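Report on one structure; see the data block that follows.
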Amino acid sequence: MRYSVSLFKILQNIEPHIREALIAILEEIEKHREESVTRSEFNELKKIVQELAEAQKRTEEKLKELAEAQKRTEEAQKRTEERLNELAEAQKQTEEALKELAEAQKRTEEAQKRTEEELCKLIKEHRKTRDNLGGLQHTVGYVLEDRAYKGLPPLLERDFGVKLLEPLRRQYIKIGPGKYIEVNIIGCGQRNGKKVWIVGECKSQLKKRHINDFLKNVDRLKKVISEDMILIAVTYQTSPPIQEYIKEKGIKLYFSYEFPLF
């Protein structure tokens, strides 16, 4: 059977098994074709064959597109799985980091607890030390006061011409209903036939605030003591500025070393 060039080109673009079937059909048609077959019928057949070839081509293109889409889907799936693996690894690392932070927090809390316990111990020890120091200061202060009670009388007689009518002492003086003030040194004496009171402040190390507090107490005592008062201060030591301040306030200062030894 002879084929035209155009028909041959069309047949070359068709799948082999389809092409073989068409060739067989064409051969069969050619074999039984009567003289009455027209060119238009043959052209129609050729058109059908061409349409089949184009349909086959479109099918192949669709299949190619589907294959490419499938490939892109697989690649996207692969990237998604890789991303999921990365997220899973990051989650794992985050959980491990949180676990480490929790353990570190636990250790910190335990260390804080131990620190607080040690701090409580130190506070208790400091309180004991402070109490002991306070007790020691009181003891030192009381010793100085006791020495002053014995050592001051001759000094007062020498400096002020005062002869004591009663021993010097420490005492709480009532200044109002339910109100008392503590006076380190107080005693009654006589000068030029008149009654006078000896009122004094006694501190191992005199500070300005001690003098100011003492003067406030003196003002309160004036409400209950009408006689003249001789103000004195006794100390082991104090600074020159404080000595000047005491002098300005009209207070006689005595140092412990001035007391005679008994």
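Chain labels A, B, ... are given in the sequence in which chains occur in the structure tokens; within each chain residues are numbered consecutively from 1, and ligands are likewise numbered from 1 in the order shown.
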
Go through region 19-238 of chain A and collect every residue that DSSP, computed from the backbone, puts in strand (DSSP E); the answer should be as a PDB file with N, CA and C atoms, in the first residue's frame.
ATOM      1  N   LYS A 163      29.152  70.314 148.849  1.00  0.00           N
ATOM      2  CA  LYS A 163      29.312  69.175 149.755  1.00  0.00           C
ATOM      3  C   LYS A 163      28.035  68.330 149.618  1.00  0.00           C
ATOM      4  N   LEU A 164      28.218  67.074 149.237  1.00  0.00           N
ATOM      5  CA  LEU A 164      27.065  66.211 148.984  1.00  0.00           C
ATOM      6  C   LEU A 164      26.325  65.904 150.276  1.00  0.00           C
ATOM      7  N   ARG A 169      24.137  58.568 142.637  1.00  0.00           N
ATOM      8  CA  ARG A 169      23.562  57.280 142.228  1.00  0.00           C
ATOM      9  C   ARG A 169      22.984  57.409 140.818  1.00  0.00           C
ATOM     10  N   ARG A 170      22.620  56.268 140.215  1.00  0.00           N
ATOM     11  CA  ARG A 170      21.807  56.247 138.991  1.00  0.00           C
ATOM     12  C   ARG A 170      20.366  56.030 139.410  1.00  0.00           C
ATOM     13  N   GLN A 171      19.428  56.676 138.713  1.00  0.00           N
ATOM     14  CA  GLN A 171      18.050  56.598 139.186  1.00  0.00           C
ATOM     15  C   GLN A 171      17.067  56.990 138.066  1.00  0.00           C
ATOM     16  N   TYR A 172      15.876  56.391 138.149  1.00  0.00           N
ATOM     17  CA  TYR A 172      14.763  56.808 137.298  1.00  0.00           C
ATOM     18  C   TYR A 172      13.986  57.893 138.033  1.00  0.00           C
ATOM     19  N   ILE A 173      13.809  59.029 137.385  1.00  0.00           N
ATOM     20  CA  ILE A 173      13.102  60.161 137.980  1.00  0.00           C
ATOM     21  C   ILE A 173      11.726  60.282 137.325  1.00  0.00           C
ATOM     22  N   LYS A 174      10.695  60.352 138.150  1.00  0.00           N
ATOM     23  CA  LYS A 174       9.343  60.504 137.629  1.00  0.00           C
ATOM     24  C   LYS A 174       9.112  61.951 137.223  1.00  0.00           C
ATOM     25  N   ILE A 175       8.706  62.167 135.976  1.00  0.00           N
ATOM     26  CA  ILE A 175       8.478  63.532 135.484  1.00  0.00           C
ATOM     27  C   ILE A 175       7.003  63.764 135.151  1.00  0.00           C
ATOM     28  N   GLY A 176       6.167  62.738 135.320  1.00  0.00           N
ATOM     29  CA  GLY A 176       4.746  62.876 135.035  1.00  0.00           C
ATOM     30  C   GLY A 176       4.055  61.553 135.293  1.00  0.00           C
ATOM     31  N   LYS A 179       5.428  58.479 133.593  1.00  0.00           N
ATOM     32  CA  LYS A 179       6.556  58.865 132.762  1.00  0.00           C
ATOM     33  C   LYS A 179       7.811  58.995 133.617  1.00  0.00           C
ATOM     34  N   TYR A 180       8.881  58.326 133.185  1.00  0.00           N
ATOM     35  CA  TYR A 180      10.149  58.353 133.915  1.00  0.00           C
ATOM     36  C   TYR A 180      11.291  58.586 132.920  1.00  0.00           C
ATOM     37  N   ILE A 181      12.350  59.153 133.401  1.00  0.00           N
ATOM     38  CA  ILE A 181      13.579  59.260 132.614  1.00  0.00           C
ATOM     39  C   ILE A 181      14.720  58.713 133.454  1.00  0.00           C
ATOM     40  N   GLU A 182      15.665  58.088 132.786  1.00  0.00           N
ATOM     41  CA  GLU A 182      16.826  57.521 133.474  1.00  0.00           C
ATOM     42  C   GLU A 182      17.941  58.560 133.515  1.00  0.00           C
ATOM     43  N   VAL A 183      18.500  58.752 134.706  1.00  0.00           N
ATOM     44  CA  VAL A 183      19.606  59.685 134.894  1.00  0.00           C
ATOM     45  C   VAL A 183      20.802  58.882 135.396  1.00  0.00           C
ATOM     46  N   ASN A 184      21.933  58.991 134.655  1.00  0.00           N
ATOM     47  CA  ASN A 184      23.120  58.210 135.021  1.00  0.00           C
ATOM     48  C   ASN A 184      23.697  58.624 136.382  1.00  0.00           C
ATOM     49  N   ILE A 185      23.752  59.922 136.590  1.00  0.00           N
ATOM     50  CA  ILE A 185      24.336  60.440 137.841  1.00  0.00           C
ATOM     51  C   ILE A 185      23.406  61.521 138.402  1.00  0.00           C
ATOM     52  N   ILE A 186      22.970  61.337 139.620  1.00  0.00           N
ATOM     53  CA  ILE A 186      22.138  62.353 140.263  1.00  0.00           C
ATOM     54  C   ILE A 186      22.369  62.299 141.774  1.00  0.00           C
ATOM     55  N   GLY A 187      22.381  63.452 142.389  1.00  0.00           N
ATOM     56  CA  GLY A 187      22.568  63.531 143.844  1.00  0.00           C
ATOM     57  C   GLY A 187      22.324  64.960 144.327  1.00  0.00           C
ATOM     58  N   CYS A 188      22.036  65.069 145.587  1.00  0.00           N
ATOM     59  CA  CYS A 188      21.722  66.375 146.189  1.00  0.00           C
ATOM     60  C   CYS A 188      22.909  66.840 147.044  1.00  0.00           C
ATOM     61  N   GLY A 189      23.219  68.135 146.934  1.00  0.00           N
ATOM     62  CA  GLY A 189      24.332  68.699 147.712  1.00  0.00           C
ATOM     63  C   GLY A 189      23.985  70.090 148.208  1.00  0.00           C
ATOM     64  N   GLN A 190      24.983  70.692 148.892  1.00  0.00           N
ATOM     65  CA  GLN A 190      24.770  72.028 149.451  1.00  0.00           C
ATOM     66  C   GLN A 190      25.958  72.912 149.083  1.00  0.00           C
ATOM     67  N   ARG A 191      25.627  74.151 148.632  1.00  0.00           N
ATOM     68  CA  ARG A 191      26.676  75.111 148.283  1.00  0.00           C
ATOM     69  C   ARG A 191      26.259  76.476 148.823  1.00  0.00           C
ATOM     70  N   LYS A 194      22.899  76.689 150.235  1.00  0.00           N
ATOM     71  CA  LYS A 194      21.759  76.429 149.378  1.00  0.00           C
ATOM     72  C   LYS A 194      21.817  75.007 148.803  1.00  0.00           C
ATOM     73  N   LYS A 195      20.634  74.439 148.582  1.00  0.00           N
ATOM     74  CA  LYS A 195      20.521  73.097 148.032  1.00  0.00           C
ATOM     75  C   LYS A 195      20.741  73.138 146.511  1.00  0.00           C
ATOM     76  N   VAL A 196      21.568  72.251 146.047  1.00  0.00           N
ATOM     77  CA  VAL A 196      21.813  72.120 144.600  1.00  0.00           C
ATOM     78  C   VAL A 196      21.759  70.634 144.218  1.00  0.00           C
ATOM     79  N   TRP A 197      21.470  70.400 142.951  1.00  0.00           N
ATOM     80  CA  TRP A 197      21.428  69.033 142.443  1.00  0.00           C
ATOM     81  C   TRP A 197      22.574  68.805 141.461  1.00  0.00           C
ATOM     82  N   ILE A 198      23.227  67.664 141.630  1.00  0.00           N
ATOM     83  CA  ILE A 198      24.259  67.240 140.682  1.00  0.00           C
ATOM     84  C   ILE A 198      23.577  66.298 139.684  1.00  0.00           C
ATOM     85  N   VAL A 199      23.577  66.670 138.419  1.00  0.00           N
ATOM     86  CA  VAL A 199      22.948  65.833 137.364  1.00  0.00           C
ATOM     87  C   VAL A 199      24.006  65.594 136.283  1.00  0.00           C
ATOM     88  N   GLY A 200      24.236  64.334 135.994  1.00  0.00           N
ATOM     89  CA  GLY A 200      25.315  64.033 135.042  1.00  0.00           C
ATOM     90  C   GLY A 200      24.994  62.931 134.029  1.00  0.00           C
ATOM     91  N   GLU A 201      25.736  62.975 132.939  1.00  0.00           N
ATOM     92  CA  GLU A 201      25.682  61.949 131.878  1.00  0.00           C
ATOM     93  C   GLU A 201      26.996  61.195 131.912  1.00  0.00           C
ATOM     94  N   CYS A 202      26.905  59.849 131.792  1.00  0.00           N
ATOM     95  CA  CYS A 202      28.111  59.019 131.872  1.00  0.00           C
ATOM     96  C   CYS A 202      28.120  58.034 130.704  1.00  0.00           C
ATOM     97  N   ASP A 228      18.770  74.828 141.866  1.00  0.00           N
ATOM     98  CA  ASP A 228      19.817  74.922 140.838  1.00  0.00           C
ATOM     99  C   ASP A 228      20.391  73.533 140.561  1.00  0.00           C
ATOM    100  N   MET A 229      20.843  73.337 139.308  1.00  0.00           N
ATOM    101  CA  MET A 229      21.455  72.064 138.919  1.00  0.00           C
ATOM    102  C   MET A 229      22.861  72.317 138.381  1.00  0.00           C
ATOM    103  N   ILE A 230      23.790  71.498 138.827  1.00  0.00           N
ATOM    104  CA  ILE A 230      25.152  71.511 138.280  1.00  0.00           C
ATOM    105  C   ILE A 230      25.243  70.343 137.292  1.00  0.00           C
ATOM    106  N   LEU A 231      25.541  70.653 136.043  1.00  0.00           N
ATOM    107  CA  LEU A 231      25.564  69.630 134.994  1.00  0.00           C
ATOM    108  C   LEU A 231      26.993  69.147 134.772  1.00  0.00           C
ATOM    109  N   ILE A 232      27.156  67.837 134.772  1.00  0.00           N
ATOM    110  CA  ILE A 232      28.487  67.245 134.571  1.00  0.00           C
ATOM    111  C   ILE A 232      28.387  66.121 133.542  1.00  0.00           C
ATOM    112  N   ALA A 233      29.533  65.748 132.984  1.00  0.00           N
ATOM    113  CA  ALA A 233      29.627  64.608 132.067  1.00  0.00           C
ATOM    114  C   ALA A 233      30.889  63.841 132.403  1.00  0.00           C
ATOM    115  N   VAL A 234      30.788  62.497 132.330  1.00  0.00           N
ATOM    116  CA  VAL A 234      31.910  61.631 132.677  1.00  0.00           C
ATOM    117  C   VAL A 234      32.158  60.679 131.515  1.00  0.00           C
ATOM    118  N   THR A 235      33.445  60.487 131.177  1.00  0.00           N
ATOM    119  CA  THR A 235      33.769  59.586 130.059  1.00  0.00           C
ATOM    120  C   THR A 235      35.181  59.055 130.200  1.00  0.00           C
TER     121      THR A 235
END

- For each of A:Gln70, A:Gln56, A:Asn217, A:Ser204, take the minimum atom-to-atom distance to Tyr254 (chain A), counting only C-alpha atoms, then give the residue where this is smallest.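 Between A:Gln70, A:Gln56, A:Asn217, A:Ser204, the residue approaching Tyr254 (chain A) most closely is A:Ser204.
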
- Computed interatomic separation between CA of Tyr149 (chain A) and CA of Leu168 (chain A) (Å):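 That distance, rounded to one decimal, is 5.3 Å.
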